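Scroll down for the structure; my scribbles are underneath it.
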Amino acid sequence: MKLQDIIRTNDWLSVALSIIELYPDQEENIGTYKDIYHKLRVMIQTDSDIQIILKEYFDEGSYIDVSGKKPDQNESLALEFIPWTEWLGMTINERTLESFNELEIIAHCLFEMTFVSFDEDEIKEQFASIKKMVEDYEKMTENEKLATSESVDRLLNKLNNE
């Protein structure tokens, strides 16, 4: 089952109630989520080999991690910069379908999709900016990297001293 399948088969009011229940601090943004939800319902999905995985973690309370996984790869993928059309074409992991209902899956995915911004063009711009920073860093000499970087230990010492 793909994300677009469950988006198209669930009504907005039910999704809105799930978002508010799972993310009460997002109630003020519910109109924006509604606009995005209706936009997603009519978008044409892009095929993707990534599976959406939702997993609950417990660390001073609980939270749901939304990540992706490609077949034959062990590492998790961050999805917040993935184009929304590709999100729609992602298959939902079987264990996720067993552990979460469709409304919860939609709510958590919408939250993750809009974590960086509610505007997809802005998400693309931020991702391009991050990629450029990485490329610029990789072009630096070792001396330039040392001069412009902070070791984790030095950074932690600075933070502890402040």
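Naming scheme: A, B, ... for chains in displayed order of the structure tokens; residues 1 onward per chain; ligands 1 onward as shown.
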Compile the contact shell of Glu104 (chain A) as a PDB file with N, CA and C atoms, in the first residue's frame: residues with an atom at most 9 Å away, counting only C-alpha atoms, same-chain residues fewer than 4 positions apart removed.
```pdb
ATOM      1  N   VAL A  15      -8.521  13.063   9.307  1.00  0.00           N
ATOM      2  CA  VAL A  15      -7.078  13.333   9.347  1.00  0.00           C
ATOM      3  C   VAL A  15      -6.800  14.518  10.270  1.00  0.00           C
ATOM      4  N   SER A  18      -6.873  13.556  13.836  1.00  0.00           N
ATOM      5  CA  SER A  18      -5.674  12.793  14.184  1.00  0.00           C
ATOM      6  C   SER A  18      -4.472  13.707  14.385  1.00  0.00           C
ATOM      7  N   ILE A  19      -4.311  14.678  13.498  1.00  0.00           N
ATOM      8  CA  ILE A  19      -3.189  15.617  13.642  1.00  0.00           C
ATOM      9  C   ILE A  19      -3.294  16.350  14.979  1.00  0.00           C
ATOM     10  N   LEU A  22      -2.491  13.931  17.878  1.00  0.00           N
ATOM     11  CA  LEU A  22      -1.093  13.513  17.964  1.00  0.00           C
ATOM     12  C   LEU A  22      -0.129  14.685  18.122  1.00  0.00           C
ATOM     13  N   PHE A 100       0.203   0.929  13.325  1.00  0.00           N
ATOM     14  CA  PHE A 100      -0.454   2.235  13.279  1.00  0.00           C
ATOM     15  C   PHE A 100      -1.660   2.160  12.354  1.00  0.00           C
ATOM     16  N   HIS A 108       1.378  11.473  10.922  1.00  0.00           N
ATOM     17  CA  HIS A 108       2.824  11.481  11.165  1.00  0.00           C
ATOM     18  C   HIS A 108       3.598  11.822   9.888  1.00  0.00           C
ATOM     19  N   CYS A 109       3.148  11.307   8.760  1.00  0.00           N
ATOM     20  CA  CYS A 109       3.826  11.622   7.492  1.00  0.00           C
ATOM     21  C   CYS A 109       3.658  13.100   7.136  1.00  0.00           C
TER      22      CYS A 109
END
```
Applying 10 Å and only C-alpha atoms, which residues near region 114-126 of chain A remain after dropping the ones on its own chain fewer than 2 positions away? List them as a ChimeraX atom specification.
/A:29,32-33,35-36,79-84,109-112,128-132
Grab the residues selected above and save them as a PDB file, in the first residue's frame with C-alpha atoms.
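The resulting file, out00.pdb, is shown below:
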```
ATOM      1  CA  ASN A  29      -1.602  25.214  11.520  1.00  0.00           C
ATOM      2  CA  THR A  32      -2.296  24.888   6.230  1.00  0.00           C
ATOM      3  CA  TYR A  33      -2.289  21.104   6.687  1.00  0.00           C
ATOM      4  CA  ASP A  35      -4.452  22.891   1.994  1.00  0.00           C
ATOM      5  CA  ILE A  36      -1.467  20.551   1.691  1.00  0.00           C
ATOM      6  CA  LEU A  79      12.683  11.911   4.429  1.00  0.00           C
ATOM      7  CA  GLU A  80      12.017  15.554   5.261  1.00  0.00           C
ATOM      8  CA  PHE A  81      13.698  16.840   2.075  1.00  0.00           C
ATOM      9  CA  ILE A  82      12.135  14.271  -0.293  1.00  0.00           C
ATOM     10  CA  PRO A  83       9.721  15.743  -2.890  1.00  0.00           C
ATOM     11  CA  TRP A  84       6.088  15.243  -1.954  1.00  0.00           C
ATOM     12  CA  CYS A 109       3.826  11.622   7.492  1.00  0.00           C
ATOM     13  CA  LEU A 110       2.254  15.071   7.034  1.00  0.00           C
ATOM     14  CA  PHE A 111       4.112  16.322  10.083  1.00  0.00           C
ATOM     15  CA  GLU A 112       7.417  14.937   8.756  1.00  0.00           C
ATOM     16  CA  ALA A 128      20.010  22.958  -2.037  1.00  0.00           C
ATOM     17  CA  SER A 129      21.637  25.300   0.478  1.00  0.00           C
ATOM     18  CA  ILE A 130      22.696  22.375   2.674  1.00  0.00           C
ATOM     19  CA  LYS A 131      24.076  20.492  -0.341  1.00  0.00           C
ATOM     20  CA  LYS A 132      26.074  23.583  -1.360  1.00  0.00           C
TER      21      LYS A 132
END
```
Between A:Thr85, A:Arg95, A:Phe127, A:Gly68, smallest distance to Asp49 (chain A) by only C-alpha atoms belongs to A:Gly68
Based on the backbone DSSP call, show me all residues of region 54-122 of chain A assigned strand (DSSP E), as a PyMOL selection string.
chain A and resi 54-58+62-69+91-92
Could the residues in this selection be saved with C-alpha atoms as an mmCIF file, in the first residue's frame?
```cif
data_model
loop_
_atom_site.group_PDB
_atom_site.id
_atom_site.type_symbol
_atom_site.label_atom_id
_atom_site.label_comp_id
_atom_site.auth_asym_id
_atom_site.auth_seq_id
_atom_site.Cartn_x
_atom_site.Cartn_y
_atom_site.Cartn_z
ATOM 1 C CA LEU A 54 7.092 4.595 11.587
ATOM 2 C CA LYS A 55 8.611 3.510 14.861
ATOM 3 C CA GLU A 56 7.859 4.574 18.418
ATOM 4 C CA TYR A 57 10.797 5.441 20.662
ATOM 5 C CA PHE A 58 10.790 6.046 24.390
ATOM 6 C CA SER A 62 7.591 8.744 23.594
ATOM 7 C CA TYR A 63 7.834 9.999 20.053
ATOM 8 C CA ILE A 64 7.280 8.597 16.594
ATOM 9 C CA ASP A 65 10.174 8.526 14.155
ATOM 10 C CA VAL A 66 9.263 8.631 10.474
ATOM 11 C CA SER A 67 12.034 7.350 8.247
ATOM 12 C CA GLY A 68 12.577 5.478 5.028
ATOM 13 C CA LYS A 69 14.401 2.367 3.970
ATOM 14 C CA THR A 91 5.156 1.953 0.033
ATOM 15 C CA ILE A 92 4.227 1.793 3.689
#
```
Query raised in the report: So how far away is CA of Lys2 (chain A) from CA of Ile52 (chain A), in Å?
Result: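 Straight-line distance from CA of Ile52 (chain A) to CA of Lys2 (chain A) works out to 8.9 Å.
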